[in-house]
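The next block holds one structure in the form of structure tokens; read it before the comments.
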Amino acid sequence: MTFRCRLVRVLAAGGTLAASVALGSAPALGQDIKRLMGENFQNVQQILTNLVTANYATIPHDVGIIRDHVDALLQSPPAIVKGREDQTMFRVYASAVKNAANNLIEVTQEVVRRDSERKTAAPPELRVDYLRVSAAQYFGIMVTGCVQCHNQFRRYIVKLK
Ligand code: HEC
């Protein structure tokens with residue numbers, strides 16, 4: 001069964017399938033969305049590891065991949081997103097992830113820059129910097145955006161291989 005069939009079945013079972021208006025023009029991502037999401041999932045885990053172990057250098061790159069993926073979603077929402085209301089909400093969730101990702105990149109770059117100065121702590125000790133906490137908060141907001149979108153548009157359990 002295709003994802004589309006499954007989703008329609010799940011939504012219909014929940015009784016929440018909104019009367020949909022065909023919007024037509026946006027090209028569908030199709031199966032490509034699974035690849036993008038798989039990479040999002042891997043990156044999220046890597047970013048969490050790096051935030052918790054204070055290895056900041058590669059975080060902007062990894063977050064940038066997620067940001068680019070949600071950009072792709074914004075430019076061409078998958079075919080299952082139908083009707084004006086669904087289109088709007090899909091964009092709201094994707095934009096929330098994009099915004100948090102951009103902020104996370106900015107904050108992490110600043111942490112890396114400040115760590116390279118190490119004005120108040122002798123290497124290898126890191127100085128106290130509350131931007132690390134801010135980075136973790138943006139990570140939380142980003143993951144909240146993933147789950148917000150899945151809560152509405154990905155309503156079945158992902159089986160991990
Ligand atoms: C704007 C909506 C949206 C956002 C934001 C979003 N996803 Fe998804 N995600 C989807 C949809 C829709 C699917 C179902 C794709 C399919 O099965 O065709 C999906 C599927 C997945 C899957 C399962 C892929 C598979 O092979 O079945 C994973 C894992 C995933 N997303 C991770 C993430 C992570 C991590 C984030 C945040 C960084 C994220 N997603 C953000 C909409 C979103």
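Identifiers for the structure tokens are assigned positionally: chains receive A, B, ... in sequence, residues are indexed from 1 per chain, and ligands are indexed from 1 in the order shown.
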
Taking the backbone alone, and naming residues the way the document does, which bits of segment 58-112 of chain A are helix (DSSP H, G or I) by DSSP, as JSON, numbers by chain?
-> {"A": [59, 60, 61, 62, 63, 64, 65, 66, 67, 68, 69, 70, 71, 72, 73, 74, 75, 84, 85, 86, 87, 88, 89, 90, 91, 92, 93, 94, 95, 96, 97, 98, 99, 100, 101, 102, 103, 104, 105, 106, 107, 108, 109, 110, 111, 112]}

Output C-alpha atoms for every residue in the selection just made, as a PDB file, in the first residue's frame.
ATOM      1  CA  ILE A  59      26.623  21.247  13.903  1.00  0.00           C
ATOM      2  CA  PRO A  60      26.004  24.155  11.466  1.00  0.00           C
ATOM      3  CA  HIS A  61      26.612  21.840   8.496  1.00  0.00           C
ATOM      4  CA  ASP A  62      24.313  19.106   9.835  1.00  0.00           C
ATOM      5  CA  VAL A  63      21.559  21.583  10.703  1.00  0.00           C
ATOM      6  CA  GLY A  64      21.971  23.168   7.269  1.00  0.00           C
ATOM      7  CA  ILE A  65      20.996  19.867   5.649  1.00  0.00           C
ATOM      8  CA  ILE A  66      17.742  19.793   7.646  1.00  0.00           C
ATOM      9  CA  ARG A  67      17.100  23.443   6.779  1.00  0.00           C
ATOM     10  CA  ASP A  68      17.580  22.689   3.061  1.00  0.00           C
ATOM     11  CA  HIS A  69      15.225  19.720   3.317  1.00  0.00           C
ATOM     12  CA  VAL A  70      12.428  21.760   4.831  1.00  0.00           C
ATOM     13  CA  ASP A  71      13.062  24.334   2.119  1.00  0.00           C
ATOM     14  CA  ALA A  72      12.424  21.575  -0.421  1.00  0.00           C
ATOM     15  CA  LEU A  73       9.190  20.710   1.426  1.00  0.00           C
ATOM     16  CA  LEU A  74       8.125  24.353   1.317  1.00  0.00           C
ATOM     17  CA  GLN A  75       8.803  24.622  -2.401  1.00  0.00           C
ATOM     18  CA  ARG A  84      -5.962  25.244   1.621  1.00  0.00           C
ATOM     19  CA  GLU A  85      -5.952  24.619   5.371  1.00  0.00           C
ATOM     20  CA  ASP A  86      -3.625  21.630   5.118  1.00  0.00           C
ATOM     21  CA  GLN A  87      -1.334  23.554   2.768  1.00  0.00           C
ATOM     22  CA  THR A  88      -1.150  26.376   5.291  1.00  0.00           C
ATOM     23  CA  MET A  89      -0.448  24.148   8.276  1.00  0.00           C
ATOM     24  CA  PHE A  90       2.166  22.139   6.393  1.00  0.00           C
ATOM     25  CA  ARG A  91       3.966  25.386   5.577  1.00  0.00           C
ATOM     26  CA  VAL A  92       3.652  26.637   9.142  1.00  0.00           C
ATOM     27  CA  TYR A  93       5.323  23.488  10.507  1.00  0.00           C
ATOM     28  CA  ALA A  94       8.027  23.451   7.828  1.00  0.00           C
ATOM     29  CA  SER A  95       8.702  27.148   8.447  1.00  0.00           C
ATOM     30  CA  ALA A  96       8.950  26.553  12.203  1.00  0.00           C
ATOM     31  CA  VAL A  97      11.663  23.953  11.587  1.00  0.00           C
ATOM     32  CA  LYS A  98      13.416  26.224   9.106  1.00  0.00           C
ATOM     33  CA  ASN A  99      13.381  29.181  11.485  1.00  0.00           C
ATOM     34  CA  ALA A 100      14.678  27.129  14.424  1.00  0.00           C
ATOM     35  CA  ALA A 101      17.348  25.602  12.167  1.00  0.00           C
ATOM     36  CA  ASN A 102      18.534  29.040  11.037  1.00  0.00           C
ATOM     37  CA  ASN A 103      18.725  30.246  14.634  1.00  0.00           C
ATOM     38  CA  LEU A 104      20.530  27.087  15.724  1.00  0.00           C
ATOM     39  CA  ILE A 105      23.098  27.596  12.961  1.00  0.00           C
ATOM     40  CA  GLU A 106      23.683  31.229  13.952  1.00  0.00           C
ATOM     41  CA  VAL A 107      24.006  30.487  17.659  1.00  0.00           C
ATOM     42  CA  THR A 108      26.306  27.508  17.116  1.00  0.00           C
ATOM     43  CA  GLN A 109      28.569  29.474  14.803  1.00  0.00           C
ATOM     44  CA  GLU A 110      28.862  32.093  17.530  1.00  0.00           C
ATOM     45  CA  VAL A 111      29.686  29.426  20.136  1.00  0.00           C
ATOM     46  CA  VAL A 112      32.437  28.083  17.869  1.00  0.00           C
TER      47      VAL A 112
END

Near-ligand residues for ligand 1, threshold 6 Å, only C-alpha atoms and all ligand atoms, as a PyMOL selection string | chain A and resi 3+31+33-34+37-38+40-41+44+66+90+93-94+97+143+145-146+149-150+153-154+158

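For Ser116 of chain A, the residues within 12 Å (counting only C-alpha atoms, excluding itself and residues fewer than 5 positions away along the chain) are Tyr56, Ala57, Gln109, Glu110, Val111, Ala121, Ala122, Pro123, Pro124, Glu125, Leu126 and Arg127 of chain A.
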
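Closest to Leu160 of chain A among A:Leu36, A:Arg132, A:Gln42, A:Val147 is A:Gln42, based on only C-alpha atoms.
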
Grab the atom CA of Pro78 of chain A to atom CA of Gln148 of chain A distance for me, in Å with one decimal place.
-> 16.3 Å
